[in-house]
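Q: Please find protein38.tsv (TSV, C-alpha atoms) on the next line:
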chain	number	residue	atom	x	y	z
A	1	GLN	CA	-14.24	-6.65	12.20
A	2	VAL	CA	-11.86	-4.82	9.89
A	3	GLN	CA	-9.81	-7.10	7.69
A	4	LEU	CA	-7.34	-6.47	4.86
A	5	VAL	CA	-6.30	-9.24	2.48
A	6	GLU	CA	-3.57	-8.67	-0.10
A	7	SER	CA	-3.39	-10.50	-3.40
A	8	GLU	CA	-0.50	-12.76	-4.19
A	9	GLY	CA	2.66	-10.85	-5.11
A	10	GLY	CA	5.14	-12.26	-7.53
A	11	SER	CA	8.56	-12.34	-9.09
A	12	VAL	CA	9.55	-10.17	-12.03
A	13	GLN	CA	12.68	-9.02	-13.75
A	14	ALA	CA	13.96	-5.48	-13.37
A	15	GLY	CA	11.96	-3.10	-15.51
A	16	GLY	CA	8.81	-5.17	-15.23
A	17	SER	CA	5.45	-4.40	-13.67
A	18	LEU	CA	3.18	-5.85	-11.01
A	19	ARG	CA	-0.16	-4.84	-9.56
A	20	LEU	CA	-1.02	-5.59	-5.95
A	21	SER	CA	-4.56	-5.51	-4.67
A	22	CYS	CA	-5.97	-5.41	-1.16
A	23	ALA	CA	-9.55	-6.41	-0.44
A	24	ALA	CA	-11.09	-4.74	2.59
A	25	SER	CA	-13.92	-6.08	4.70
A	26	GLY	CA	-15.69	-4.67	7.72
A	27	TYR	CA	-15.51	-1.11	6.39
A	28	THR	CA	-15.38	0.83	3.12
A	29	VAL	CA	-12.00	1.83	1.69
A	30	SER	CA	-13.23	5.36	1.03
A	31	SER	CA	-13.94	5.94	4.73
A	32	ARG	CA	-10.33	5.86	5.95
A	33	CYS	CA	-6.78	6.74	5.03
A	34	MET	CA	-5.16	3.77	3.32
A	35	ALA	CA	-1.59	2.99	2.35
A	36	TRP	CA	0.96	0.48	1.18
A	37	PHE	CA	4.09	-0.28	3.17
A	38	ARG	CA	7.02	-2.54	2.48
A	39	GLN	CA	9.72	-4.23	4.50
A	40	ALA	CA	12.91	-5.64	3.06
A	41	PRO	CA	15.00	-8.18	4.99
A	42	GLY	CA	17.00	-6.47	7.70
A	43	LYS	CA	15.26	-3.13	7.18
A	44	GLU	CA	12.46	-1.26	8.90
A	45	ARG	CA	8.98	-1.16	7.45
A	46	GLU	CA	8.54	1.96	5.30
A	47	GLY	CA	5.54	3.74	3.88
A	48	VAL	CA	5.44	3.58	0.09
A	49	ALA	CA	2.19	5.25	-0.92
A	50	ALA	CA	-0.97	6.59	0.71
A	51	ILE	CA	-4.38	7.72	-0.45
A	52	ASP	CA	-6.96	9.83	1.32
A	53	HIS	CA	-10.69	9.30	1.92
A	54	GLY	CA	-12.36	9.09	-1.44
A	55	GLY	CA	-9.07	8.86	-3.31
A	56	SER	CA	-8.71	12.54	-4.24
A	57	SER	CA	-5.15	12.89	-2.93
A	58	THR	CA	-2.19	10.53	-3.06
A	59	TYR	CA	1.26	10.58	-1.46
A	60	TYR	CA	4.43	8.72	-2.41
A	61	ALA	CA	7.82	8.00	-0.97
A	62	ASP	CA	10.58	9.58	-3.05
A	63	SER	CA	11.96	6.15	-3.88
A	64	VAL	CA	8.81	5.16	-5.80
A	65	LYS	CA	7.51	8.49	-7.08
A	66	GLY	CA	6.81	8.34	-10.80
A	67	ARG	CA	6.90	4.53	-10.85
A	68	PHE	CA	4.15	3.42	-8.43
A	69	THR	CA	0.49	4.43	-8.43
A	70	ILE	CA	-1.93	3.90	-5.56
A	71	SER	CA	-5.65	3.79	-6.30
A	72	GLN	CA	-8.91	2.43	-4.94
A	73	ASP	CA	-12.09	0.98	-6.40
A	74	ASN	CA	-14.98	1.83	-4.12
A	75	ALA	CA	-17.38	-0.52	-5.91
A	76	LYS	CA	-15.02	-3.45	-5.26
A	77	ASN	CA	-13.89	-2.07	-1.89
A	78	THR	CA	-10.33	-2.71	-2.96
A	79	LEU	CA	-7.03	-0.84	-2.79
A	80	TYR	CA	-4.41	-1.22	-5.53
A	81	LEU	CA	-0.72	-0.55	-6.03
A	82	GLN	CA	0.46	-0.48	-9.63
A	83	MET	CA	4.23	-0.89	-9.72
A	84	ASN	CA	6.10	-0.09	-12.93
A	85	SER	CA	9.80	0.05	-13.81
A	86	LEU	CA	10.55	-2.24	-10.90
A	87	LYS	CA	14.06	-2.35	-9.51
A	88	PRO	CA	15.84	-5.03	-7.45
A	89	GLU	CA	15.72	-2.66	-4.48
A	90	ASP	CA	11.92	-2.84	-4.60
A	91	THR	CA	12.16	-6.44	-3.40
A	92	ALA	CA	10.28	-6.66	-0.10
A	93	MET	CA	7.20	-7.87	1.70
A	94	TYR	CA	4.40	-5.45	0.86
A	95	TYR	CA	1.60	-4.67	3.31
A	96	CYS	CA	-1.77	-3.02	2.88
A	97	SER	CA	-2.70	-0.76	5.76
A	98	ALA	CA	-5.38	1.57	7.07
A	99	VAL	CA	-5.92	4.04	9.90
A	100	THR	CA	-8.44	2.95	12.52
A	101	ASP	CA	-9.73	6.45	13.18
A	102	ARG	CA	-12.15	7.44	10.42
A	103	THR	CA	-11.76	11.11	11.38
A	104	TRP	CA	-7.99	11.07	10.85
A	105	LEU	CA	-7.20	13.26	7.83
A	106	ALA	CA	-3.38	13.34	7.70
A	107	CYS	CA	-3.14	10.36	5.38
A	108	MET	CA	0.50	11.13	4.51
A	109	ALA	CA	1.50	10.49	8.14
A	110	PHE	CA	2.70	6.91	7.77
A	111	TRP	CA	3.21	6.56	11.54
A	112	ALA	CA	-0.58	6.71	12.06
A	113	TYR	CA	-1.38	3.45	10.29
A	114	ASN	CA	-2.43	0.64	12.60
A	115	ILE	CA	-4.48	-1.91	10.65
A	116	TRP	CA	-2.45	-4.39	8.64
A	117	GLY	CA	-2.88	-7.09	6.05
A	118	GLN	CA	-0.87	-10.29	6.16
A	119	GLY	CA	1.65	-9.12	3.57
A	120	THR	CA	2.65	-10.35	0.14
A	121	GLN	CA	6.12	-10.95	-1.27
A	122	VAL	CA	7.45	-9.03	-4.27
A	123	THR	CA	10.80	-10.11	-5.72
A	124	VAL	CA	12.58	-8.21	-8.48
A	125	SER	CA	15.58	-9.85	-10.10
A	126	SER	CA	18.32	-8.05	-12.02
For this file, write the structure as structure tokens.
A:
Amino acid sequence: QVQLVESEGGSVQAGGSLRLSCAASGYTVSSRCMAWFRQAPGKEREGVAAIDHGGSSTYYADSVKGRFTISQDNAKNTLYLQMNSLKPEDTAMYYCSAVTDRTWLACMAFWAYNIWGQGTQVTVSS
């Protein structure tokens, strides 16, 4: 059974940093496309960053490019999201996600993701 469990988020002031982690079980993180999504109150869930099998390619939403970094540790079977220069508009519930189909290669296609963690809250104050 595939399971994704995010670490606890947190609250920071604008300009601060946070690192989210997502522990995977039931499969290896390098075998599937993986991504981070977020959903702010009253808004639709949006893809923030994605990484391909093995971690050789990454993709970012324009809103976080240059500030967020997605990575994975195959030995720990864990996905990470390093968030720097945080802004109040980054406040949201963040979700770790993966694509069920191991043969799916279009990891930048956020609509394809269909395995979800429980979510973790990130709050950025001004």
Q: Pick from A:Asn77, A:Thr123, A:Gln3, A:Thr58: nearest to Thr91 of chain A, with all atoms listed in the file counted?
A: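 For Thr91 of chain A, the nearest of the given residues is A:Thr123.
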Q: Figure out the distance between atom CA of Ser17 of chain A and atom CA of Ser71 of chain A, please, to one decimal in Å.
A: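 Computing the Euclidean distance for atom CA of Ser71 of chain A and atom CA of Ser17 of chain A yields 15.6 Å.
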Q: Up to 9 Å from (-11.3, 2.2, 3.2) in the file's coordinates: name the residues, counting only C-alpha atoms, as a JSON list (two decimals) with C-alpha atoms, in the frame of the given file.
A:
[["chain", "number", "residue", "atom", "x", "y", "z"],
["A", 24, "ALA", "CA", -11.09, -4.74, 2.59],
["A", 25, "SER", "CA", -13.92, -6.08, 4.70],
["A", 27, "TYR", "CA", -15.51, -1.11, 6.39],
["A", 28, "THR", "CA", -15.38, 0.83, 3.12],
["A", 29, "VAL", "CA", -12.00, 1.83, 1.69],
["A", 30, "SER", "CA", -13.23, 5.36, 1.03],
["A", 31, "SER", "CA", -13.94, 5.94, 4.73],
["A", 32, "ARG", "CA", -10.33, 5.86, 5.95],
["A", 33, "CYS", "CA", -6.78, 6.74, 5.03],
["A", 34, "MET", "CA", -5.16, 3.77, 3.32],
["A", 52, "ASP", "CA", -6.96, 9.83, 1.32],
["A", 53, "HIS", "CA", -10.69, 9.30, 1.92],
["A", 54, "GLY", "CA", -12.36, 9.09, -1.44],
["A", 72, "GLN", "CA", -8.91, 2.43, -4.94],
["A", 74, "ASN", "CA", -14.98, 1.83, -4.12],
["A", 77, "ASN", "CA", -13.89, -2.07, -1.89],
["A", 78, "THR", "CA", -10.33, -2.71, -2.96],
["A", 79, "LEU", "CA", -7.03, -0.84, -2.79],
["A", 98, "ALA", "CA", -5.38, 1.57, 7.07],
["A", 99, "VAL", "CA", -5.92, 4.04, 9.90],
["A", 102, "ARG", "CA", -12.15, 7.44, 10.42]]
Q: Identify, on the basis of only C-alpha atoms, every residue whose closest approach to Ser97 of chain A does not exceed 8 Å; exclude the query and any residue fewer than 4 positions from it along the same chain; express the result as an MDAnalysis selection string.
A: chainID A and resid 4 34:37 113:117
Q: Report, in Å with one decimal, the straight-line distance from atom CA of Ser125 of chain A to atom CA of Ala23 of chain A.
A: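 Interatomic distance, atom CA of Ser125 of chain A to atom CA of Ala23 of chain A: 27.1 Å.
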Q: Just checking: using all atoms listed in the file, which residue out of A:Val124, A:Ala40, A:Val5, A:Val48 ends up closest to Met108 of chain A?
A: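 Among the listed residues, the smallest separation from Met108 of chain A belongs to A:Val48.
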Q: Which is closest to Leu20 of chain A among A:Ser85, A:Ser57, A:Thr103, A:Gln121, if we use all atoms listed in the file?
A: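 Comparing A:Ser85, A:Ser57, A:Thr103, A:Gln121 against Leu20 of chain A, the winner is A:Gln121.
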